[in-house]
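Take a look at the structure set out below.
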Amino acid sequence: MEHAANQHHQECSIELLTSRGSPVSPSVMKRCMKIVSILLLLGTPIGAQDEPVRGQPTLQPWMGEVKGSVVNIRTGPSMNHFAFFQLRGGTRLIALGGQGDWVEVAIPADRPVWIHGDYLKPQGDALQVSGSRVRIRATAGTKHAPLGMTEQGQSVRPTGKADSAGTWVEVYAPLNAHAWIHGDYIRRVESELNPLHLSRQHKVMSSFAGAGGGVRTGDSVKPVTEPASGDDKDVESRPAVDEEDLDPNTVKIPAFDSPRLKKLFEGFKKETEKNPVEWNFDRILEEMRVIENSTEDVGEVEVVRDLTRTIREHFMPLHRRLVEIQRQQEKARSERELARAKENEILRKTGHRSTDPGVKYQAVGWVVPLGKHRDVEATHKLMKGNQLLYHLDGGKLNLDQYVNKRVGIVGTVEEQDPSTGARLIRIKGIEVLSQ
């Protein structure tokens, strides 16, 4: 019982992304205010096996086409991740980014995935996610890395199947269910995808060769239940992409006869022009809910439903990832500043940049009497040839026994007036090295 409770809590816990790649530059964040798209990942190592594998966002979704005969699709960006299904050459995929040699893609909308049933409730012919950030799974269990996380209130379409225990529910993959394909096995065929229509584009795509061609009986590629033998890597290089094809997408407002829809999309565009970490779609989602429940125009209903799906399954996850990256950047900045302050304090006290455990002594030199110097609280000094290294305060230790001996010293370094010629060491440990 306790194990089941822990598992359920794990399914519904908040994901703290582990992007450890390079920081997002201010220029990228600035572009993010005007450009809205799906993500391209550039190098985040996988964290815990139970965390969705994600990396740093980019601003350009693109349409890709599978190369090769039969290619593995995996739960993460390496051959160590589970290959849970395969695709034939020619199948179209929405590419969301990449990590190293791997490309992150949206799982085709006709491909079944799994969600824990405790976080779903009926919603007409669909199911609604009732938990916060419930993980999407490749199989009915927690054995493999998740494919992503849902948003609370998101609708998913059930296949009608559940596992033998009735715990896990099979649904068709939403837009925020992501998988990975090796970069040698996907070619870019379209560089522009309007982010307003991502949900619509995703809905019409299938896992059969040829996007938009409909489902062809007998042409499917079966899910992989054992380690797959499909292609993951090839010697064929990726096709070159013209620079002009890499121009970022801008949000374009469709032409509407409906004043309500026009106002709605203008508000949406205005929101996406803000810094992405400040996005808040609550008001827009509420306006769309009102329109959906009050209009008799089925065209309006379809438009607001499509935009609702796109916001829940793309823009909100994108916002969350950018917020997490900024949080990690601020945390790293604070840690660097704290480490720098500690280093400066060590330097001030000891005269050394750090207390490296590989360095046995803070100072090494020859002990000689202080002489008639009365400007420091010292009895002796440490010399290297004719160079004065430190004034020495032995405390209760009689330093006379170390005169004219080469010693190694550990202690606390204190700053002195520059006129004294050197800092003062209050000795905590001393060892004779030679006489």
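The way I read the labels, and the way they are meant: chains A, B, ... in the order of the structure tokens, residue 1 as the first residue of every chain, and ligand 1 as the first ligand shown, with later ones counted on from there.
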
- Message: I'd like to know which residues of region 152-202 of chain A are alpha helix (DSSP H) (by DSSP, run on the backbone); could you write them as an MDAnalysis selection string?
- Response: chainID A and resid 198:202

- Task: Show which residues sit within 7 Å of His319 (chain A), as number ranges by chain. Count only C-alpha atoms, and ignore same-chain residues fewer than 5 positions away.
- Result: A: 276-277, 279

- Any chance you could list, as a list of chain:residue names, the residues in region 307-416 of chain A that come up strand (DSSP E) when DSSP is run on the backbone?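 So, restricting region 307-416 of chain A to strand (DSSP E), we get A:Ala363, A:Val364, A:Gly365, A:Trp366, A:Val367, A:Val368, A:Pro369, A:His380, A:Lys381, A:Leu382, A:Met383, A:Lys384, A:Gln387, A:Leu388, A:Leu389, A:Tyr390, A:His391, A:Leu392, A:Asp393, A:Arg406, A:Val407, A:Gly408, A:Ile409, A:Val410, A:Gly411, A:Thr412, A:Val413, A:Glu414.
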
Mind writing the picked residues with C-alpha atoms as a compact mmCIF listing (two decimals), in the first residue's frame?
```txt
# COMPACT_ATOMS: atom_id res chain seq x y z
CA ALA A 363 54.35 28.73 4.18
CA VAL A 364 57.87 27.29 3.97
CA GLY A 365 61.04 29.17 4.90
CA TRP A 366 63.79 29.80 7.46
CA VAL A 367 63.00 31.02 10.98
CA VAL A 368 65.08 33.96 12.29
CA PRO A 369 64.57 36.27 15.30
CA HIS A 380 60.24 35.83 14.79
CA LYS A 381 60.05 36.07 11.05
CA LEU A 382 60.11 33.64 8.15
CA MET A 383 62.70 34.27 5.46
CA LYS A 384 63.56 32.93 2.03
CA GLN A 387 63.17 37.95 1.27
CA LEU A 388 60.85 38.47 4.23
CA LEU A 389 57.89 36.12 3.82
CA TYR A 390 55.93 36.48 7.08
CA HIS A 391 56.14 37.72 10.63
CA LEU A 392 55.62 34.82 13.06
CA ASP A 393 53.63 34.60 16.28
CA ARG A 406 63.84 25.43 7.48
CA VAL A 407 60.26 24.78 8.51
CA GLY A 408 56.79 24.25 7.12
CA ILE A 409 54.06 26.27 8.83
CA VAL A 410 50.29 26.04 9.10
CA GLY A 411 48.35 28.84 10.75
CA THR A 412 46.12 31.86 10.40
CA VAL A 413 47.35 34.73 8.27
CA GLU A 414 46.49 38.29 9.31
```
